[in-house]
file data_19.txt (compact mmCIF, C-alpha atoms)
# COMPACT_ATOMS: atom_id res chain seq x y z
CA MET A 1 -62.64 90.89 36.57
CA THR A 2 -63.43 87.67 38.38
CA SER A 3 -65.83 85.04 37.08
CA ALA A 4 -66.45 81.34 37.33
CA ILE A 5 -65.85 80.73 33.62
CA ALA A 6 -64.12 82.91 31.05
CA CYS A 7 -63.76 82.25 27.33
CA VAL A 8 -60.86 83.77 25.40
CA ILE A 9 -60.94 84.03 21.61
CA PRO A 10 -57.66 85.22 20.03
CA CYS A 11 -58.40 86.91 16.69
CA HIS A 12 -56.50 88.44 13.82
CA ASN A 13 -58.70 89.38 10.84
CA GLU A 14 -61.54 86.94 11.58
CA GLU A 15 -64.54 89.08 10.65
CA ALA A 16 -66.13 86.19 8.75
CA ALA A 17 -65.99 83.76 11.68
CA VAL A 18 -65.69 85.42 15.08
CA GLY A 19 -69.40 86.28 15.39
CA ASN A 20 -70.39 82.63 14.99
CA VAL A 21 -67.83 81.53 17.57
CA VAL A 22 -69.11 84.05 20.15
CA ARG A 23 -72.75 83.09 19.56
CA ASP A 24 -72.01 79.37 19.78
CA LEU A 25 -70.10 79.85 23.03
CA ARG A 26 -72.91 81.98 24.42
CA ALA A 27 -75.41 79.22 23.63
CA ALA A 28 -73.22 76.51 25.16
CA LEU A 29 -72.03 78.51 28.19
CA PRO A 30 -74.56 81.25 28.97
CA GLU A 31 -72.94 81.86 32.36
CA ALA A 32 -69.48 82.53 30.90
CA VAL A 33 -67.79 85.86 30.25
CA ILE A 34 -66.60 85.90 26.65
CA TYR A 35 -63.53 87.91 25.65
CA VAL A 36 -62.32 88.50 22.13
CA TYR A 37 -58.69 89.57 22.05
CA ASP A 38 -58.16 91.52 18.87
CA ASN A 39 -54.60 90.99 17.65
CA ALA A 40 -53.92 93.93 15.32
CA SER A 41 -56.83 93.18 12.97
CA THR A 42 -57.32 95.41 9.95
CA ASP A 43 -60.84 94.24 9.06
CA SER A 44 -64.17 94.34 10.94
CA THR A 45 -63.28 91.73 13.56
CA VAL A 46 -63.86 94.12 16.45
CA ALA A 47 -67.25 95.28 15.15
CA GLU A 48 -68.43 91.71 14.58
CA ALA A 49 -67.29 90.63 18.04
CA VAL A 50 -69.05 93.54 19.73
CA LYS A 51 -72.20 92.88 17.70
CA ALA A 52 -72.19 89.25 18.88
CA GLY A 53 -71.96 90.37 22.52
CA ALA A 54 -68.30 89.78 23.43
CA ILE A 55 -66.05 91.94 25.55
CA VAL A 56 -63.28 93.07 23.21
CA ARG A 57 -59.74 93.72 24.30
CA SER A 58 -56.75 94.69 22.20
CA GLU A 59 -53.27 93.15 22.10
CA PRO A 60 -51.29 95.15 19.50
CA ARG A 61 -48.21 92.88 19.50
CA LYS A 62 -48.93 90.31 16.81
CA GLY A 63 -48.77 86.65 17.72
CA LYS A 64 -51.07 84.21 19.48
CA GLY A 65 -48.53 83.71 22.25
CA ASN A 66 -48.68 87.43 23.04
CA VAL A 67 -52.48 87.23 23.27
CA ILE A 68 -52.36 84.23 25.62
CA ARG A 69 -49.81 85.91 27.89
CA ARG A 70 -51.97 89.05 28.08
CA ALA A 71 -55.21 87.13 28.68
CA PHE A 72 -53.74 84.88 31.37
CA ALA A 73 -52.38 87.95 33.17
CA ASP A 74 -55.61 89.94 32.91
CA ILE A 75 -58.35 87.42 33.60
CA GLU A 76 -59.29 85.85 36.92
CA ALA A 77 -61.57 82.82 36.57
CA ASP A 78 -62.00 79.31 37.91
CA ALA A 79 -61.86 78.00 34.35
CA ILE A 80 -60.50 79.70 31.24
CA LEU A 81 -61.48 78.28 27.86
CA ILE A 82 -59.31 79.09 24.86
CA ILE A 83 -60.70 78.65 21.35
CA ASP A 84 -59.51 79.99 18.00
CA GLY A 85 -61.69 82.60 16.36
CA ASP A 86 -61.78 80.87 12.95
CA ASP A 87 -64.92 78.79 13.66
CA THR A 88 -63.20 75.47 12.92
CA TYR A 89 -63.67 73.99 16.42
CA ASP A 90 -66.98 72.69 17.76
CA ALA A 91 -67.86 75.42 20.27
CA SER A 92 -71.10 73.58 21.18
CA ARG A 93 -68.93 71.13 23.19
CA ALA A 94 -67.62 73.94 25.43
CA ALA A 95 -69.89 73.15 28.38
CA GLU A 96 -68.85 69.50 28.25
CA LEU A 97 -65.16 70.40 28.37
CA VAL A 98 -65.65 72.86 31.24
CA ASP A 99 -67.75 70.37 33.25
CA MET A 100 -65.03 67.76 32.75
CA LEU A 101 -62.43 70.18 34.14
CA PHE A 102 -64.47 70.73 37.31
CA THR A 103 -65.63 67.15 37.87
CA GLY A 104 -62.21 65.57 37.22
CA PRO A 105 -60.87 67.76 38.62
CA TYR A 106 -58.32 68.43 35.91
CA ASP A 107 -55.95 71.30 35.28
CA GLN A 108 -56.21 71.03 31.49
CA VAL A 109 -58.81 69.62 29.12
CA VAL A 110 -57.70 69.45 25.48
CA GLY A 111 -60.18 69.25 22.62
CA THR A 112 -58.32 67.01 20.18
CA ARG A 113 -59.32 67.41 16.55
CA ARG A 114 -61.28 64.98 14.39
CA ASP A 115 -61.43 66.16 10.78
CA ILE A 116 -65.09 65.65 9.83
CA SER A 117 -64.78 67.02 6.29
CA GLY A 118 -61.47 65.53 5.21
CA THR A 119 -60.29 68.97 4.10
CA ALA A 120 -60.13 70.94 7.36
CA TYR A 121 -56.35 70.58 7.60
CA ARG A 122 -54.30 72.55 5.08
CA THR A 123 -51.82 70.60 3.00
CA GLY A 124 -48.93 69.53 5.20
CA HIS A 125 -50.51 70.64 8.49
CA ALA A 126 -51.75 67.19 9.52
CA VAL A 127 -48.37 65.59 8.76
CA GLY A 128 -46.52 68.42 10.51
CA ASN A 129 -48.76 68.12 13.55
CA LYS A 130 -48.09 64.37 13.79
CA LEU A 131 -44.34 64.81 13.40
CA LEU A 132 -44.07 67.58 15.99
CA THR A 133 -46.43 65.81 18.39
CA GLY A 134 -44.34 62.67 17.93
CA MET A 135 -41.21 64.58 18.94
CA VAL A 136 -42.87 65.82 22.13
CA ARG A 137 -44.15 62.32 22.89
CA LEU A 138 -40.63 60.97 22.47
CA LEU A 139 -38.96 63.66 24.58
CA PHE A 140 -41.55 64.25 27.29
CA SER A 141 -44.45 61.78 27.40
CA ASN A 142 -46.65 59.42 25.39
CA GLU A 143 -49.81 61.03 26.76
CA VAL A 144 -50.21 63.61 23.96
CA THR A 145 -52.12 62.99 20.72
CA ASP A 146 -52.82 66.54 19.41
CA MET A 147 -50.20 68.90 20.76
CA LEU A 148 -51.21 71.84 18.54
CA SER A 149 -54.93 71.94 19.35
CA GLY A 150 -56.18 75.48 19.96
CA TYR A 151 -59.26 74.31 21.91
CA ARG A 152 -58.46 73.95 25.62
CA VAL A 153 -59.82 74.61 29.10
CA PHE A 154 -57.50 75.49 31.97
CA SER A 155 -57.86 75.70 35.73
CA ARG A 156 -56.93 78.83 37.62
CA ARG A 157 -53.89 77.12 39.13
CA TYR A 158 -52.65 76.05 35.69
CA VAL A 159 -52.97 79.59 34.34
CA LYS A 160 -51.23 81.22 37.28
CA SER A 161 -48.29 78.81 37.18
CA PHE A 162 -47.83 79.01 33.40
CA PRO A 163 -44.98 81.36 32.35
CA ALA A 164 -46.37 82.06 28.82
CA LEU A 165 -43.08 82.98 27.16
CA SER A 166 -43.98 82.18 23.55
CA ARG A 167 -44.92 84.89 21.08
CA GLN A 168 -46.65 83.12 18.21
CA PHE A 169 -48.26 79.78 17.30
CA GLU A 170 -45.74 77.79 19.33
CA THR A 171 -47.73 78.67 22.47
CA GLU A 172 -49.70 75.38 22.33
CA THR A 173 -46.42 73.45 22.47
CA GLU A 174 -45.39 75.46 25.51
CA MET A 175 -48.76 74.75 27.16
CA THR A 176 -48.41 71.02 26.52
CA VAL A 177 -44.86 70.75 27.85
CA HIS A 178 -45.75 72.81 30.95
CA ALA A 179 -48.48 70.31 31.87
CA LEU A 180 -46.23 67.32 31.15
CA ASN A 181 -43.30 68.66 33.17
CA LEU A 182 -45.38 69.34 36.27
CA ARG A 183 -47.45 66.18 35.70
CA LEU A 184 -50.65 68.24 35.86
CA PRO A 185 -53.91 66.26 35.58
CA THR A 186 -54.90 66.47 31.91
CA VAL A 187 -57.53 64.77 29.79
CA GLU A 188 -58.18 64.81 26.05
CA VAL A 189 -61.65 64.91 24.46
CA GLU A 190 -62.10 64.29 20.76
CA THR A 191 -64.03 67.12 19.09
CA ASP A 192 -65.08 67.88 15.53
CA PHE A 193 -62.78 69.97 13.38
CA LYS A 194 -64.26 71.57 10.26
CA ASP A 195 -63.36 73.81 7.34
CA ARG A 196 -63.09 77.54 7.79
CA PRO A 197 -66.11 79.58 6.69
CA SER A 198 -65.94 81.38 3.37
CA GLY A 199 -63.89 84.55 3.63
CA SER A 200 -61.67 83.29 6.45
CA THR A 201 -58.03 82.40 5.81
CA SER A 202 -55.49 80.61 7.98
CA LYS A 203 -52.81 82.75 9.65
CA LEU A 204 -50.57 79.72 10.24
CA ARG A 205 -47.58 79.71 7.87
CA THR A 206 -46.69 76.06 7.38
CA TYR A 207 -42.91 76.23 7.09
CA ARG A 208 -42.12 79.33 9.11
CA ASP A 209 -44.35 78.45 12.05
CA GLY A 210 -43.37 74.79 11.80
CA TRP A 211 -39.74 75.86 12.14
CA LEU A 212 -40.60 78.06 15.14
CA ILE A 213 -42.35 75.14 16.85
CA LEU A 214 -39.45 72.79 16.06
CA ARG A 215 -37.00 75.33 17.46
CA LEU A 216 -39.13 75.69 20.60
CA ILE A 217 -39.24 71.90 21.09
CA THR A 218 -35.44 71.77 20.80
CA GLY A 219 -35.08 74.65 23.24
CA LEU A 220 -37.52 73.07 25.68
CA ALA A 221 -35.64 69.78 25.48
CA ARG A 222 -32.41 71.64 26.28
CA ARG A 223 -33.99 73.55 29.18
CA GLU A 224 -36.42 70.98 30.56
CA ARG A 225 -34.34 67.83 29.96
CA PRO A 226 -30.78 69.17 30.32
CA ALA A 227 -29.25 65.85 31.47
CA LEU A 228 -30.69 64.08 28.42
CA PHE A 229 -29.80 66.85 25.97
CA HIS A 230 -26.25 67.34 27.25
CA GLY A 231 -25.79 63.58 27.62
CA LEU A 232 -26.58 63.04 23.94
CA LEU A 233 -24.30 65.91 22.91
CA ALA A 234 -21.49 64.60 25.14
CA SER A 235 -21.93 61.12 23.64
CA LEU A 236 -21.55 62.47 20.11
CA LEU A 237 -18.40 64.35 21.09
CA ALA A 238 -17.01 61.26 22.81
CA ILE A 239 -17.62 59.15 19.69
CA VAL A 240 -15.76 61.70 17.55
CA SER A 241 -12.92 61.77 20.06
CA LEU A 242 -12.65 57.98 20.10
CA ALA A 243 -12.76 57.79 16.32
CA LEU A 244 -9.84 60.20 16.11
CA GLY A 245 -7.88 58.96 19.09
CA LEU A 246 -8.16 55.17 19.02
CA PRO A 247 -5.90 54.74 15.96
CA VAL A 248 -3.28 56.89 17.69
CA VAL A 249 -3.55 54.86 20.90
CA ILE A 250 -3.32 51.59 18.99
CA GLU A 251 -0.25 52.81 17.11
CA PHE A 252 1.35 53.95 20.38
CA ALA A 253 0.67 50.56 21.99
CA ARG A 254 2.20 48.78 18.99
CA SER A 255 5.29 50.89 18.35
CA GLY A 256 5.65 53.26 21.29
CA ASP A 257 5.48 56.26 18.95
CA VAL A 258 2.89 58.99 18.52
CA PRO A 259 3.20 59.77 14.82
CA ARG A 260 0.12 62.05 14.69
CA LEU A 261 0.53 64.34 17.67
CA PRO A 262 -1.94 67.02 16.47
CA THR A 263 -4.64 64.33 16.08
CA ALA A 264 -3.92 63.03 19.57
CA VAL A 265 -4.20 66.55 21.03
CA LEU A 266 -7.45 67.17 19.13
CA ALA A 267 -8.95 63.88 20.33
CA ALA A 268 -8.01 64.63 23.94
CA THR A 269 -9.45 68.14 23.68
CA ILE A 270 -12.76 66.89 22.26
CA MET A 271 -13.03 64.28 25.03
CA THR A 272 -12.38 66.98 27.63
CA VAL A 273 -15.16 69.10 26.12
CA ALA A 274 -17.47 66.06 26.18
CA VAL A 275 -16.86 65.60 29.89
CA LEU A 276 -17.51 69.30 30.57
CA VAL A 277 -20.74 69.19 28.54
CA LEU A 278 -21.89 66.16 30.53
CA LEU A 279 -21.09 67.85 33.85
CA ALA A 280 -22.94 71.00 32.70
CA GLY A 281 -25.98 68.82 31.98
CA TYR A 282 -25.99 67.45 35.51
CA VAL A 283 -25.61 70.91 37.03
CA LEU A 284 -28.43 72.32 34.87
CA GLY A 285 -30.54 69.27 35.75
CA ALA A 286 -30.21 70.13 39.44
CA ILE A 287 -31.17 73.75 38.74
CA MET A 288 -34.14 72.58 36.65
CA PHE A 289 -35.28 70.34 39.51
CA MET A 290 -35.34 73.34 41.86
CA ARG A 291 -37.24 75.39 39.26
CA LYS A 292 -39.83 72.64 38.95
CA GLU A 293 -40.20 72.58 42.71
CA GLN A 294 -40.93 76.32 42.68
CA ALA A 295 -43.41 75.97 39.80
CA SER A 296 -45.15 73.11 41.61
CA LEU A 297 -45.43 75.17 44.78
CA ALA A 298 -46.90 78.07 42.77
CA HIS A 299 -49.39 75.63 41.24
CA LEU A 300 -50.34 74.17 44.63
CA SER A 301 -50.90 77.62 46.15
CA TYR A 302 -54.27 77.64 44.37
CA PRO A 303 -57.15 75.29 45.24
CA ALA A 304 -58.31 72.45 43.01
CA PRO A 305 -60.70 73.43 40.17
CA SER A 306 -64.27 74.04 41.34
CA ARG A 307 -67.05 76.42 40.45
CA SER A 308 -67.20 79.60 42.52
CA GLU A 309 -70.44 80.23 44.34
CA GLU A 310 -70.37 83.81 43.17
CA PHE A 311 -69.37 85.17 39.81
CA LEU A 312 -70.12 88.17 37.72
CA PRO A 313 -73.18 88.16 35.49
CA THR A 314 -72.89 86.77 31.99
CA MET A 315 -73.00 90.13 30.26
CA PHE A 316 -71.16 93.25 31.32
CA GLY A 317 -72.22 95.19 28.27
CA ASN A 318 -70.14 95.60 25.17
CA GLU A 319 -66.79 97.27 25.71
CA ILE A 320 -63.49 97.71 23.97
CA GLU A 321 -60.43 97.87 26.20
CA GLN A 322 -57.02 98.98 25.01

call {"tool": "encode", "arguments": {"input": "data_19.txt", "output": "structure tokens"}}
result
Amino acid sequence: MTSAIACVIPCHNEEAAVGNVVRDLRAALPEAVIYVYDNASTDSTVAEAVKAGAIVRSEPRKGKGNVIRRAFADIEADAILIIDGDDTYDASRAAELVDMLFTGPYDQVVGTRRDISGTAYRTGHAVGNKLLTGMVRLLFSNEVTDMLSGYRVFSRRYVKSFPALSRQFETETEMTVHALNLRLPTVEVETDFKDRPSGSTSKLRTYRDGWLILRLITGLARRERPALFHGLLASLLAIVSLALGLPVVIEFARSGDVPRLPTAVLAATIMTVAVLVLLAGYVLGAIMFMRKEQASLAHLSYPAPSRSEEFLPTMFGNEIEQ
């Protein structure tokens, strides 16, 4: 299906909230096509989404990243809005975010969160978000303030150049780093963030998902900044080698003897490994540069964000697609 604006709501057991999110989006963006992607729910999420007027699709493989990959592959639109189905984001601002994407034009508009109740973040989530966002700012760019926001609008050319490899909640990190690496035009808009409605519970597991995001950041640093990553690793190995080998060299210069031959061999071996690691970083950096060129060309093969003159009507009727 092709439309000017599409809204995607990933959901897993959000029967208490998804109806409100669909209705609020419908009020804010009456011209948009609204999809609810049911992610293996065991409650009445599907029924509530259909009742509210959304098109419901099913992604049986659990994980938000799996939903995003499926949605980005399935949907053709000039702008795709992603919002969580837990009714914590201010869906009434949707039209403002979409208009900003088109008028910028931008490839990504991020709705950064402002906790209006003081209790919207679960214990540890706010601190974890700041720490992980700080890591990305340090490794990639200082332009990010809320890396884990689940409220975003994307252009067609962003969506079609985004590989979407993540499986779970680390998908927002992958989205952020993709935009930073290709230097895609991005803007942040502060939006209200509120408590979940009664009966809705968070699916984010603080420590497990935090570890997954941390592991993804480390992996992205290794893949996207190979010269930096391998340079740091080579430096650590070189320091160890010097710490082991300098006393041997000093003793050899003083007496002409090598009393600790095994230590000397070990130090030389570690230094050799350090040099190889550094060279590998430069080779991978060259490969990464070519990959970025290809991704940039894929991105530029689509026109800048603008509203299509023709798009499908707002409602296609309620349907459930497997």

call {"tool": "residues_near_point", "arguments": {"input": "data_19.txt", "point": "(-56.2, 62.9, 27.5)", "cutoff": "10 Å", "atoms": "all atoms listed in the file", "output": "MDAnalysis selection string"}}
result
chainID A and resid 108:112 143:146 185:190

call {"tool": "residues_around", "arguments": {"input": "data_19.txt", "residues": "region 226-237 of chain A", "least_positions_apart": "5", "cutoff": "7 Å", "atoms": "all atoms listed in the file", "output": "list in words"}}
result
Ala221, Ile270, Met271, Ala274, Val275, Val277, Leu278, Gly281, Tyr282, Leu284 and Gly285 of chain A

call {"tool": "closest_residue", "arguments": {"input": "data_19.txt", "among": "A:Ile213, A:Leu184, A:Val67, A:Ala264", "to": "Ala164 (chain A)", "atoms": "all atoms listed in the file"}}
result
A:Val67

call {"tool": "closest_residue", "arguments": {"input": "data_19.txt", "among": "A:Ile55, A:Leu300, A:Val33, A:Ile239", "to": "Leu81 (chain A)", "atoms": "all atoms listed in the file"}}
result
A:Val33

call {"tool": "residues_around", "arguments": {"input": "data_19.txt", "residues": "Phe102 (chain A)", "least_positions_apart": "5", "cutoff": "8 Å", "atoms": "only C-alpha atoms", "output": "ChimeraX atom specification"}}
result
/A:305-307

call {"tool": "closest_residue", "arguments": {"input": "data_19.txt", "among": "A:Ser41, A:Ser149, A:Ser241, A:Thr176", "to": "Thr191 (chain A)", "atoms": "only C-alpha atoms"}}
result
A:Ser149

call {"tool": "residues_near_point", "arguments": {"input": "data_19.txt", "point": "(-54.7, 95.1, 21.8)", "cutoff": "6 Å", "atoms": "only C-alpha atoms", "output": "NGL selection string"}}
result
:A and (38-39 or 57-60 or 322)

call {"tool": "residues_around", "arguments": {"input": "data_19.txt", "residues": "Pro10 (chain A)", "least_positions_apart": "3", "cutoff": "10 Å", "atoms": "only C-alpha atoms", "output": "PyMOL selection string"}}
result
chain A and resi 7+14+18+35-39+57-59+63-68+71+82-86+150
